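Peer 1: This is the structure I have questions about; it appears just below.
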2 protein chains.
Amino acid sequence: MVHEAILDQTFSALSDATRRSVLTRLGDGPATIGELAEPAGMTLTGMKKHVLVLENAGLVVTEKVGRSRQVRLGTERLDDAMTWISFYQRLWERRLDGLDAFFTLQKGRENE
Amino acid sequence: MVHEAILDQTFSALSDATRRSVLTRLGDGPATIGELAEPAGMTLTGMKKHVLVLENAGLVVTEKVGRSRQVRLGTERLDDAMTWISFYQRLWERRLDGLDAFFTLQKGRENE
DNA sequence: CGCTTCATGAACCATATGGTTCACTTTACG
DNA sequence: CGTAAAGTGAACCATATGGTTCATGAAGCG
């Protein structure tokens, strides 16, 4: 199981809409801090902080090239998050199939 | 696609190890605030706050029974989070298969 | 009834977060 | 060279977060 601090950082990084949109943007390829800041209507300094959060979470990798900084998608952290979620989702589904589910879910959906 | 504010709440709720362990515990069935607080070495008040965060995120459902409060796993929010992650994971994988990935990963990072 | 237990709410505290502005460095380029 | 552009760092600000203590309320029980 993944280290708790790693999950903390990953989920925390993902909990901001600006940062998620950065990841979306990076899905189309690398971008500079400026190119990320502009559509977000944010200062370079502000976006730099977001990128740092993503980088610390391992969701993004950066490299200084010339006077700008290239930002691109990182490795494997989304895997960690999804592994955790799918594990507990199985727990949750098992629960819904159990007796307690029937008991607490005021007899709505019997078969599914 | 899911509303941004919902994802904010869900990921934010998941970004705390205490809250994740609460979800783990609830995988074994409902529990009271006190039963959740004790293993966490935390006051009732503190745990109550965590439960409220999970409840606002829809990850948990509570119901007052007698003088205690039953907490159990909620519905469908883990689905939202996983849907988002798996979508962007596909983006990310596509990227790693592309030319840019080969290009940027092969040349060692000189400066930083 | 009177006491204990579980939960709750208010107040408080320290630290983290998300943003800004301003000053500065490094790089590009005419 | 001189100037503009991209980024960086420090300082600052408002609000959120994660926790506490203390006082109160409601439920159960002998």
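Naming scheme: A, B, ... for chains in displayed order of the structure tokens; residues 1 onward per chain; ligands 1 onward as shown.
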Would you tabulate, counting only C-alpha atoms (C1' of nucleotides), all residues of chain C that have an atom at most 10 Å from an atom of chain A, showing the closest pair of atoms and their distance in Å to one decimal, sorted by chain then ascending number, as JSON lines?

Peer 2:
{"residue": "C:DG18", "atom": "C1'", "partner": "A:Gly46", "partner_atom": "CA", "distance": 7.9}
{"residue": "C:DG19", "atom": "C1'", "partner": "A:Gly46", "partner_atom": "CA", "distance": 6.5}
{"residue": "C:DT20", "atom": "C1'", "partner": "A:Gly46", "partner_atom": "CA", "distance": 8.2}
{"residue": "C:DT26", "atom": "C1'", "partner": "A:Arg67", "partner_atom": "CA", "distance": 6.6}
{"residue": "C:DT27", "atom": "C1'", "partner": "A:Arg67", "partner_atom": "CA", "distance": 5.1}
{"residue": "C:DA28", "atom": "C1'", "partner": "A:Arg67", "partner_atom": "CA", "distance": 8.1}

Peer 1: Now that the selection is made, can you save its residues with all heavy atoms as a tab-separated table (two decimals), in the first residue's frame?

Peer 2:
chain	number	residue	atom	x	y	z
C	18	DG	P	-4.22	25.48	-2.34
C	18	DG	OP1	-5.34	24.64	-2.81
C	18	DG	OP2	-2.83	25.16	-2.70
C	18	DG	O5'	-4.51	26.98	-2.79
C	18	DG	C5'	-5.77	27.55	-2.49
C	18	DG	C4'	-5.75	28.99	-2.93
C	18	DG	O4'	-4.98	29.75	-1.98
C	18	DG	C3'	-5.08	29.22	-4.29
C	18	DG	O3'	-5.86	30.17	-5.02
C	18	DG	C2'	-3.72	29.76	-3.93
C	18	DG	C1'	-4.05	30.54	-2.67
C	18	DG	N9	-2.93	30.80	-1.77
C	18	DG	C8	-1.84	30.00	-1.54
C	18	DG	N7	-1.01	30.51	-0.66
C	18	DG	C5	-1.59	31.70	-0.29
C	18	DG	C6	-1.16	32.69	0.63
C	18	DG	O6	-0.14	32.71	1.31
C	18	DG	N1	-2.06	33.75	0.71
C	18	DG	C2	-3.24	33.85	0.01
C	18	DG	N2	-3.98	34.94	0.20
C	18	DG	N3	-3.65	32.93	-0.86
C	18	DG	C4	-2.78	31.89	-0.95
C	19	DG	P	-5.63	30.30	-6.61
C	19	DG	OP1	-6.95	30.46	-7.23
C	19	DG	OP2	-4.72	29.24	-7.09
C	19	DG	O5'	-4.78	31.66	-6.66
C	19	DG	C5'	-5.44	32.86	-6.73
C	19	DG	C4'	-4.79	33.93	-5.89
C	19	DG	O4'	-4.13	33.45	-4.71
C	19	DG	C3'	-3.66	34.73	-6.54
C	19	DG	O3'	-4.14	35.58	-7.57
C	19	DG	C2'	-3.20	35.54	-5.33
C	19	DG	C1'	-3.41	34.54	-4.18
C	19	DG	N9	-2.14	34.09	-3.63
C	19	DG	C8	-1.50	32.90	-3.84
C	19	DG	N7	-0.38	32.80	-3.18
C	19	DG	C5	-0.27	33.99	-2.48
C	19	DG	C6	0.74	34.46	-1.60
C	19	DG	O6	1.77	33.87	-1.23
C	19	DG	N1	0.45	35.73	-1.12
C	19	DG	C2	-0.66	36.46	-1.46
C	19	DG	N2	-0.77	37.67	-0.91
C	19	DG	N3	-1.62	36.03	-2.28
C	19	DG	C4	-1.35	34.80	-2.76
C	20	DT	P	-3.14	36.26	-8.61
C	20	DT	OP1	-3.93	36.75	-9.77
C	20	DT	OP2	-1.98	35.39	-8.82
C	20	DT	O5'	-2.64	37.54	-7.78
C	20	DT	C5'	-3.61	38.49	-7.31
C	20	DT	C4'	-2.93	39.41	-6.31
C	20	DT	O4'	-2.35	38.61	-5.26
C	20	DT	C3'	-1.76	40.20	-6.88
C	20	DT	O3'	-2.24	41.46	-7.36
C	20	DT	C2'	-0.85	40.40	-5.69
C	20	DT	C1'	-1.19	39.23	-4.76
C	20	DT	N1	-0.11	38.23	-4.67
C	20	DT	C2	0.93	38.46	-3.80
C	20	DT	O2	1.02	39.45	-3.12
C	20	DT	N3	1.86	37.46	-3.76
C	20	DT	C4	1.87	36.29	-4.47
C	20	DT	O4	2.77	35.47	-4.34
C	20	DT	C5	0.75	36.12	-5.39
C	20	DT	C7	0.65	34.88	-6.23
C	20	DT	C6	-0.17	37.08	-5.44
C	26	DT	P	21.77	35.45	-12.19
C	26	DT	OP1	22.39	34.38	-11.39
C	26	DT	OP2	22.52	36.67	-12.57
C	26	DT	O5'	21.21	34.81	-13.53
C	26	DT	C5'	20.09	33.93	-13.44
C	26	DT	C4'	19.38	33.90	-14.77
C	26	DT	O4'	18.62	35.11	-14.96
C	26	DT	C3'	20.33	33.79	-15.97
C	26	DT	O3'	19.95	32.64	-16.68
C	26	DT	C2'	20.08	35.08	-16.76
C	26	DT	C1'	18.67	35.43	-16.33
C	26	DT	N1	18.23	36.84	-16.44
C	26	DT	C2	17.06	37.12	-17.12
C	26	DT	O2	16.38	36.26	-17.65
C	26	DT	N3	16.71	38.44	-17.14
C	26	DT	C4	17.41	39.50	-16.57
C	26	DT	O4	16.99	40.64	-16.67
C	26	DT	C5	18.62	39.15	-15.89
C	26	DT	C7	19.44	40.20	-15.24
C	26	DT	C6	18.98	37.84	-15.85
C	27	DT	P	20.85	32.10	-17.92
C	27	DT	OP1	20.73	30.63	-17.92
C	27	DT	OP2	22.15	32.78	-17.91
C	27	DT	O5'	20.01	32.63	-19.17
C	27	DT	C5'	18.66	32.20	-19.27
C	27	DT	C4'	17.97	32.93	-20.38
C	27	DT	O4'	17.82	34.33	-20.04
C	27	DT	C3'	18.73	32.89	-21.72
C	27	DT	O3'	17.80	32.47	-22.67
C	27	DT	C2'	19.18	34.33	-21.91
C	27	DT	C1'	18.07	35.09	-21.19
C	27	DT	N1	18.35	36.47	-20.72
C	27	DT	C2	17.42	37.44	-20.98
C	27	DT	O2	16.39	37.24	-21.58
C	27	DT	N3	17.75	38.69	-20.48
C	27	DT	C4	18.87	39.04	-19.78
C	27	DT	O4	19.04	40.19	-19.39
C	27	DT	C5	19.81	37.97	-19.54
C	27	DT	C7	21.07	38.24	-18.79
C	27	DT	C6	19.51	36.74	-20.02
C	28	DA	P	18.24	31.95	-24.12
C	28	DA	OP1	17.52	30.72	-24.45
C	28	DA	OP2	19.72	31.99	-24.18
C	28	DA	O5'	17.66	33.10	-25.05
C	28	DA	C5'	16.24	33.25	-25.05
C	28	DA	C4'	15.89	34.57	-25.72
C	28	DA	O4'	16.41	35.66	-24.94
C	28	DA	C3'	16.46	34.72	-27.12
C	28	DA	O3'	15.36	35.00	-27.97
C	28	DA	C2'	17.45	35.88	-27.00
C	28	DA	C1'	16.90	36.65	-25.82
C	28	DA	N9	17.87	37.41	-25.01
C	28	DA	C8	19.00	36.93	-24.42
C	28	DA	N7	19.67	37.83	-23.73
C	28	DA	C5	18.90	38.98	-23.87
C	28	DA	C6	19.06	40.29	-23.37
C	28	DA	N6	20.08	40.67	-22.59
C	28	DA	N1	18.12	41.20	-23.71
C	28	DA	C2	17.08	40.80	-24.48
C	28	DA	N3	16.83	39.60	-25.01
C	28	DA	C4	17.79	38.73	-24.66

Peer 1: Up to 6 Å from chain B, what residues of chain A turn up? Count only C-alpha atoms and give them as a PyMOL selection string.

Peer 2: chain A and resi 8+11-12+15-16+27+64+91

Peer 1: Could those selected residues go to a file with all heavy atoms, as an mmCIF file, in the first residue's frame?

Peer 2:
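Result went into part-v5.cif, see below:
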data_model
loop_
_atom_site.group_PDB
_atom_site.id
_atom_site.type_symbol
_atom_site.label_atom_id
_atom_site.label_comp_id
_atom_site.auth_asym_id
_atom_site.auth_seq_id
_atom_site.Cartn_x
_atom_site.Cartn_y
_atom_site.Cartn_z
ATOM 1 N N ASP A 8 -1.491 11.805 0.640
ATOM 2 C CA ASP A 8 -1.853 13.156 1.089
ATOM 3 C C ASP A 8 -1.517 14.171 0.014
ATOM 4 O O ASP A 8 -2.375 14.954 -0.414
ATOM 5 C CB ASP A 8 -1.074 13.533 2.355
ATOM 6 C CG ASP A 8 -1.634 12.876 3.609
ATOM 7 O OD1 ASP A 8 -2.553 12.044 3.485
ATOM 8 O OD2 ASP A 8 -1.147 13.188 4.702
ATOM 9 N N PHE A 11 -3.631 13.586 -3.460
ATOM 10 C CA PHE A 11 -5.032 14.003 -3.390
ATOM 11 C C PHE A 11 -5.148 15.505 -3.156
ATOM 12 O O PHE A 11 -6.010 16.176 -3.729
ATOM 13 C CB PHE A 11 -5.765 13.240 -2.290
ATOM 14 C CG PHE A 11 -6.137 11.835 -2.669
ATOM 15 C CD1 PHE A 11 -5.765 10.767 -1.880
ATOM 16 C CD2 PHE A 11 -6.860 11.589 -3.825
ATOM 17 C CE1 PHE A 11 -6.107 9.469 -2.233
ATOM 18 C CE2 PHE A 11 -7.207 10.290 -4.187
ATOM 19 C CZ PHE A 11 -6.826 9.237 -3.387
ATOM 20 N N SER A 12 -4.271 16.021 -2.322
ATOM 21 C CA SER A 12 -4.306 17.458 -2.053
ATOM 22 C C SER A 12 -4.019 18.257 -3.323
ATOM 23 O O SER A 12 -4.685 19.252 -3.610
ATOM 24 C CB SER A 12 -3.285 17.796 -0.960
ATOM 25 O OG SER A 12 -3.299 19.165 -0.700
ATOM 26 N N SER A 15 -6.986 18.424 -5.523
ATOM 27 C CA SER A 15 -8.200 19.012 -4.949
ATOM 28 C C SER A 15 -8.423 20.455 -5.373
ATOM 29 O O SER A 15 -9.286 21.126 -4.831
ATOM 30 C CB SER A 15 -8.153 18.926 -3.424
ATOM 31 O OG SER A 15 -7.226 19.862 -2.911
ATOM 32 N N ASP A 16 -7.655 20.937 -6.317
ATOM 33 C CA ASP A 16 -7.797 22.317 -6.780
ATOM 34 C C ASP A 16 -8.100 22.334 -8.281
ATOM 35 O O ASP A 16 -7.369 21.725 -9.079
ATOM 36 C CB ASP A 16 -6.506 23.088 -6.490
ATOM 37 C CG ASP A 16 -6.613 24.539 -6.900
ATOM 38 O OD1 ASP A 16 -6.385 24.836 -8.095
ATOM 39 O OD2 ASP A 16 -6.935 25.384 -6.044
ATOM 40 N N GLY A 27 -2.018 17.443 -20.907
ATOM 41 C CA GLY A 27 -2.362 16.265 -21.680
ATOM 42 C C GLY A 27 -2.136 16.502 -23.170
ATOM 43 O O GLY A 27 -1.922 15.574 -23.932
ATOM 44 N N LYS A 64 14.147 23.594 -16.694
ATOM 45 C CA LYS A 64 14.395 24.953 -17.157
ATOM 46 C C LYS A 64 15.075 24.896 -18.521
ATOM 47 O O LYS A 64 16.133 24.278 -18.669
ATOM 48 C CB LYS A 64 15.303 25.678 -16.152
ATOM 49 C CG LYS A 64 15.442 27.156 -16.408
ATOM 50 C CD LYS A 64 14.430 27.979 -15.639
ATOM 51 C CE LYS A 64 14.476 29.422 -16.049
ATOM 52 N NZ LYS A 64 14.144 30.350 -14.961
ATOM 53 N N LEU A 91 -14.406 -2.201 -1.499
ATOM 54 C CA LEU A 91 -14.925 -2.339 -0.141
ATOM 55 C C LEU A 91 -16.362 -1.844 -0.080
ATOM 56 O O LEU A 91 -17.257 -2.480 0.457
ATOM 57 C CB LEU A 91 -14.092 -1.519 0.840
ATOM 58 C CG LEU A 91 -12.828 -2.144 1.405
ATOM 59 C CD1 LEU A 91 -12.218 -1.220 2.429
ATOM 60 C CD2 LEU A 91 -13.152 -3.487 2.045
#

Peer 1: Can you tell me which residues surround DC6 of chain C at a distance of at most 10 Å, considering only C-alpha atoms (C1' of nucleotides), apart from same-chain residues fewer than 6 positions away, and format the answer as a PyMOL selection string?

Peer 2: (chain B and resi 32-34+44+66-69) or (chain D and resi 26-27)

Peer 1: For those residues, write C-alpha atoms (C1' of nucleotides) to a file as a short mmCIF file (atom, residue, chain, number, x, y, z; two decimals), in the first residue's frame.

Peer 2:
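Below you can see part-v2.cif, which holds the result:
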data_model
loop_
_atom_site.label_atom_id
_atom_site.label_comp_id
_atom_site.auth_asym_id
_atom_site.auth_seq_id
_atom_site.Cartn_x
_atom_site.Cartn_y
_atom_site.Cartn_z
CA THR B 32 -20.21 5.84 15.85
CA ILE B 33 -18.22 9.04 16.23
CA GLY B 34 -16.70 7.65 19.39
CA LEU B 44 -14.85 13.41 19.76
CA GLY B 66 -30.25 7.32 20.22
CA ARG B 67 -27.58 9.45 21.77
CA SER B 68 -24.91 8.41 19.27
CA ARG B 69 -24.52 8.97 15.57
"C1'" DA D 26 -29.98 14.74 25.02
"C1'" DA D 27 -30.35 9.64 26.03
#

Peer 1: Residues of chain D within 8 Å of chain A, counting only C-alpha atoms (C1' of nucleotides) - could you list those as a list in words?

Peer 2: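 Putting it all together, I get DA6, DG7 and DT8 of chain D.
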
Peer 1: Between C:DC29, C:DA23, C:DA11, C:DA16, which residue has the minimum interatomic distance to DA23 of chain D, considering only C-alpha atoms (C1' of nucleotides)?

Peer 2: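 The closest residue to DA23 of chain D is C:DA11.
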
Peer 1: With only C-alpha atoms (C1' of nucleotides) as the counted atoms, please give the residues lying no more than 12 Å from DC22 of chain C, apart from itself and same-chain residues fewer than 6 positions off, as an MDAnalysis selection string.

Peer 2: (chainID A and resid 45) or (chainID D and resid 9:12)

Peer 1: Just to be explicit: take each residue in the selection above, keep N, CA and C atoms (P, O5', C5', C4', C3', O3' and C1' of nucleotides), and write the result as a compact mmCIF listing (two decimals), in the first residue's frame.

Peer 2:
# COMPACT_ATOMS: atom_id res chain seq x y z
N THR A 45 3.71 34.25 -10.84
CA THR A 45 4.05 33.80 -9.50
C THR A 45 3.01 32.82 -8.96
P DG D 9 13.32 30.38 -6.57
O5' DG D 9 13.22 31.58 -5.52
C5' DG D 9 14.23 32.57 -5.54
C4' DG D 9 13.85 33.69 -4.59
C3' DG D 9 13.18 33.19 -3.30
O3' DG D 9 13.78 33.91 -2.24
C1' DG D 9 11.80 34.78 -4.36
P DA D 10 13.56 33.49 -0.74
O5' DA D 10 13.05 34.87 -0.11
C5' DA D 10 13.54 36.10 -0.65
C4' DA D 10 12.65 37.25 -0.19
C3' DA D 10 11.97 37.04 1.16
O3' DA D 10 11.99 38.27 1.85
C1' DA D 10 10.35 37.46 -0.47
P DA D 11 11.70 38.30 3.44
O5' DA D 11 10.33 39.11 3.51
C5' DA D 11 10.25 40.35 2.82
C4' DA D 11 8.80 40.69 2.61
C3' DA D 11 7.92 40.48 3.84
O3' DA D 11 7.40 41.74 4.22
C1' DA D 11 6.89 39.64 1.87
P DC D 12 6.51 41.95 5.55
O5' DC D 12 5.04 41.77 5.00
C5' DC D 12 4.61 42.60 3.93
C4' DC D 12 3.30 42.07 3.40
C3' DC D 12 2.27 41.74 4.47
O3' DC D 12 1.23 42.71 4.41
C1' DC D 12 2.29 40.16 2.70
